[in-house]
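Visitor: Sharing a structure below in structure tokens format, with a few things to ask.
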Amino acid sequence: MFMDEENVVPQPEEEMEAADAGQDTSEQDDGRAWYVVHCYSGYENKVRHNLEQRIESMGMKDKIFDVVVPTEEEIEVKDGKRRTVERRIFPGYILVNMILTEDSWYVVRNTPGVTGFVGMGEEPTPLRDEEVAQILKRMESETPRVKVTFRQGERVRIVEGPFHDFRGTVDEIDMERGKVRVLINFFGRETPVELDFLQVEKA
């Protein structure tokens with residue numbers, strides 16, 4: 001049996017909605033599937049490197065096919081400047097495409113930095129096709145996500161547009177549209193202004 005701690009597949013907000021219909025991610029019918037492996041947070045790339053070395057040295061290329069650290073591009077505004085950073089979608093987790101056998105399980109499980117497989121009960125649970133499709137779609141997105149560093153009720157500074165350098169209070173955040181409504185003091189009265197996330201930063 002594959003002895004391991006019980007865990008639950010990590011699912012960030014809006015993450016696991018049904019994938020676009022017609023997107024075929026089914027693998028060959030040789031038993032291969034994507035599994036989630038838990039590792040020390042911050043060491044995802046190191047663990048991937050360790051595992052790839054073990055696959056090579058232990059001749060497991062016919063059982064373990066791919067190791068992925070899910071990332072996405074994210075834009076953040078700091079000191080009025082935009083910068084694009086690569087952010088891990090699931091900190092502390094990597095994805096492994098493999099055929100699960102005693103040998104392949106042993107190779108992955110005993111890789112330095114790996115703390116276990118994610119699964120229900122004693123056996124690792126493979127990801128569903130639609131979950132894999134959603135993650136890959138998010139990784140391949142050409143439009144970077146915007147990092148929101150402010151919350152409702154917090155003071156922010158407007159960094160571009162006609163109200164540049166005005167300060168105000170966040171009244172409402174619309175994640176779907178990428179918009180924020182800020183209350184600013186304009187001609188002695190509080191006025192709501194709708195702005196893009198990239199037009200404001202935390203004061």
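Lettering and numbering for the structure tokens are positional, with chains as A, B, ... in the shown order, residues counted from 1 in each chain, and ligands counted from 1 in the shown order.
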Report as a Markdown table: every residue of range 154-173 of chain A with an atom at most 12 Å from range 62-80 of chain A, its closest pair of atoms, and their distance in Å to one decimal, counting only C-alpha atoms, with rows sorted by chain and ascending residue number.
Guide:
| residue | atom | partner | partner_atom | distance |
| --- | --- | --- | --- | --- |
| A:Val156 | CA | A:Gly80 | CA | 11.5 |
| A:Arg157 | CA | A:Gly80 | CA | 9.1 |
| A:Ile158 | CA | A:Gly80 | CA | 8.8 |
| A:Val159 | CA | A:Gly80 | CA | 5.7 |
| A:Glu160 | CA | A:Gly80 | CA | 8.4 |
| A:His164 | CA | A:Gly80 | CA | 10.4 |
| A:Asp165 | CA | A:Gly80 | CA | 9.9 |
Visitor: To test your reading of the structure, identify every residue in range 131-192 of chain A that backbone DSSP assigns to strand (DSSP E), and report it as an NGL selection string.
Guide: :A and (145-146 or 155-158 or 167-174 or 179-186 or 189-192)
Visitor: Take the residues from that selection and write them out as a compact mmCIF listing (two decimals), in the first residue's frame, keeping N, CA, C and O atoms.
Guide:
# COMPACT_ATOMS: atom_id res chain seq x y z
N ARG A 145 -1.76 38.19 -14.11
CA ARG A 145 -2.68 38.63 -13.06
C ARG A 145 -2.08 39.85 -12.36
O ARG A 145 -0.88 40.03 -12.33
N VAL A 146 -2.95 40.66 -11.79
CA VAL A 146 -2.48 41.83 -11.06
C VAL A 146 -2.53 41.51 -9.57
O VAL A 146 -3.54 41.05 -9.05
N ARG A 155 -6.12 52.87 3.03
CA ARG A 155 -5.72 54.08 2.32
C ARG A 155 -4.83 53.68 1.13
O ARG A 155 -3.94 52.84 1.26
N VAL A 156 -5.08 54.30 -0.01
CA VAL A 156 -4.28 54.04 -1.20
C VAL A 156 -3.90 55.37 -1.85
O VAL A 156 -4.51 56.41 -1.58
N ARG A 157 -2.87 55.28 -2.72
CA ARG A 157 -2.45 56.45 -3.49
C ARG A 157 -2.66 56.14 -4.96
O ARG A 157 -2.35 55.03 -5.43
N ILE A 158 -3.22 57.09 -5.71
CA ILE A 158 -3.43 56.90 -7.14
C ILE A 158 -2.13 57.25 -7.85
O ILE A 158 -1.55 58.32 -7.64
N ARG A 167 -4.89 60.77 -2.73
CA ARG A 167 -5.01 59.66 -1.79
C ARG A 167 -6.47 59.48 -1.43
O ARG A 167 -7.24 60.45 -1.41
N GLY A 168 -6.85 58.24 -1.18
CA GLY A 168 -8.24 57.97 -0.84
C GLY A 168 -8.38 56.65 -0.10
O GLY A 168 -7.39 56.01 0.25
N THR A 169 -9.61 56.24 0.09
CA THR A 169 -9.92 55.01 0.82
C THR A 169 -10.60 54.01 -0.11
O THR A 169 -11.50 54.39 -0.88
N VAL A 170 -10.16 52.76 -0.07
CA VAL A 170 -10.77 51.72 -0.91
C VAL A 170 -12.20 51.46 -0.44
O VAL A 170 -12.43 51.12 0.72
N ASP A 171 -13.15 51.64 -1.35
CA ASP A 171 -14.56 51.44 -1.02
C ASP A 171 -15.04 50.07 -1.48
O ASP A 171 -15.82 49.41 -0.80
N GLU A 172 -14.56 49.63 -2.65
CA GLU A 172 -15.02 48.35 -3.19
C GLU A 172 -13.98 47.79 -4.15
O GLU A 172 -13.33 48.54 -4.88
N ILE A 173 -13.80 46.48 -4.14
CA ILE A 173 -12.84 45.82 -5.04
C ILE A 173 -13.60 44.81 -5.90
O ILE A 173 -14.32 43.96 -5.39
N ASP A 174 -13.46 44.93 -7.24
CA ASP A 174 -14.12 44.03 -8.17
C ASP A 174 -13.04 43.17 -8.84
O ASP A 174 -12.40 43.59 -9.80
N LYS A 179 -11.15 46.05 -11.21
CA LYS A 179 -11.42 47.46 -10.89
C LYS A 179 -11.52 47.67 -9.38
O LYS A 179 -11.90 46.77 -8.64
N VAL A 180 -11.19 48.90 -8.96
CA VAL A 180 -11.31 49.26 -7.55
C VAL A 180 -11.98 50.63 -7.48
O VAL A 180 -11.69 51.53 -8.27
N ARG A 181 -12.93 50.78 -6.55
CA ARG A 181 -13.58 52.08 -6.35
C ARG A 181 -12.95 52.73 -5.13
O ARG A 181 -12.91 52.14 -4.04
N VAL A 182 -12.44 53.95 -5.36
CA VAL A 182 -11.74 54.67 -4.30
C VAL A 182 -12.49 55.96 -3.99
O VAL A 182 -12.92 56.67 -4.89
N LEU A 183 -12.64 56.25 -2.69
CA LEU A 183 -13.27 57.50 -2.27
C LEU A 183 -12.17 58.53 -2.05
O LEU A 183 -11.29 58.34 -1.20
N ILE A 184 -12.20 59.61 -2.86
CA ILE A 184 -11.19 60.65 -2.70
C ILE A 184 -11.87 61.96 -2.30
O ILE A 184 -13.06 62.16 -2.53
N ASN A 185 -11.10 62.84 -1.68
CA ASN A 185 -11.61 64.15 -1.28
C ASN A 185 -11.38 65.12 -2.44
O ASN A 185 -10.24 65.46 -2.75
N PHE A 186 -12.47 65.50 -3.09
CA PHE A 186 -12.38 66.33 -4.30
C PHE A 186 -13.26 67.56 -4.14
O PHE A 186 -14.47 67.45 -3.96
N ARG A 189 -15.45 67.49 -0.99
CA ARG A 189 -16.46 66.43 -0.78
C ARG A 189 -15.89 65.07 -1.19
O ARG A 189 -15.01 64.99 -2.04
N GLU A 190 -16.40 64.02 -0.56
CA GLU A 190 -15.91 62.67 -0.84
C GLU A 190 -16.53 62.19 -2.16
O GLU A 190 -17.75 62.17 -2.31
N THR A 191 -15.68 61.84 -3.10
CA THR A 191 -16.14 61.46 -4.43
C THR A 191 -15.62 60.06 -4.78
O THR A 191 -14.42 59.79 -4.66
N PRO A 192 -16.51 59.14 -5.24
CA PRO A 192 -16.05 57.80 -5.65
C PRO A 192 -15.45 57.84 -7.06
O PRO A 192 -16.00 58.46 -7.97
Visitor: Which parts of range 99-199 of chain A does DSSP call helix (DSSP H, G or I) when run on the backbone here, written out as a list in words?
Guide: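 So the helix (DSSP H, G or I) residues in range 99-199 of chain A would be Glu102, Asp103, Ser104, Trp105, Tyr106, Val107, Val108, Arg109, Asp129, Glu130, Glu131, Val132, Ala133, Gln134, Ile135, Leu136, Lys137, Arg138, Met139, Glu140, Phe197, Leu198 and Gln199 of chain A.
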Visitor: Using only C-alpha atoms, determine which residues lie at most 9 Å from Val107 in chain A, disregarding the query and same-chain residues fewer than 5 positions distant; provide the list as a ChimeraX atom specification.
Guide: /A:51,54-55,58,60,102
Visitor: For CA of Gly92 in chain A and CA of Val37 in chain A, quote the distance in Å rounded to one decimal.
Guide: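 Between these atoms lies a distance of 8.5 Å.
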Visitor: Pick out the residues sitting within 12 Å of Val36 in chain A, and hand them over as a ChimeraX atom specification; count only C-alpha atoms, and ignore anything fewer than 2 positions along from it in its own chain.
Guide: /A:7-11,33-34,38-39,67-70,90-98,108-109,114-120,123-128,131-132,135
Visitor: Pick out the closest residue to Lys202 in chain A from this set: A:Pro144, A:Gly113, A:Gly153, A:Gly31. Count only C-alpha atoms.
Guide: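 Among A:Pro144, A:Gly113, A:Gly153, A:Gly31, it is A:Gly153 that comes nearest to Lys202 in chain A.
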Visitor: How far is it from CA of Glu52 in chain A to CA of Arg87 in chain A, in Å with one decimal?
Guide: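 Taking CA of Glu52 in chain A as the start and CA of Arg87 in chain A as the end point, the length is 21.5 Å.
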Visitor: Could you state the separation of CA of Phe150 in chain A and CA of Ala203 in chain A in Å, given to one decimal place?
Guide: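 These atoms are spaced 8.9 Å apart.
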Visitor: Using only C-alpha atoms, find the one residue out of A:Leu136, A:Lys147, A:Glu194, A:Leu100 that sits nearest to Arg32 in chain A.
Guide: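 Distance minimum relative to Arg32 in chain A lands on A:Leu100.
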Visitor: With distances taken over only C-alpha atoms, which residue among A:Pro112, A:Arg151, A:Glu122, A:Glu201 lies nearest Tyr43 in chain A?
Guide: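 So, comparing all the options, the nearest one is A:Pro112.
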Visitor: Nearest residue to Gly161 in chain A out of A:Gly178, A:Leu195, A:Gly121, A:Tyr106, using only C-alpha atoms?
Guide: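 For Gly161 in chain A, the nearest of the candidates is A:Leu195.
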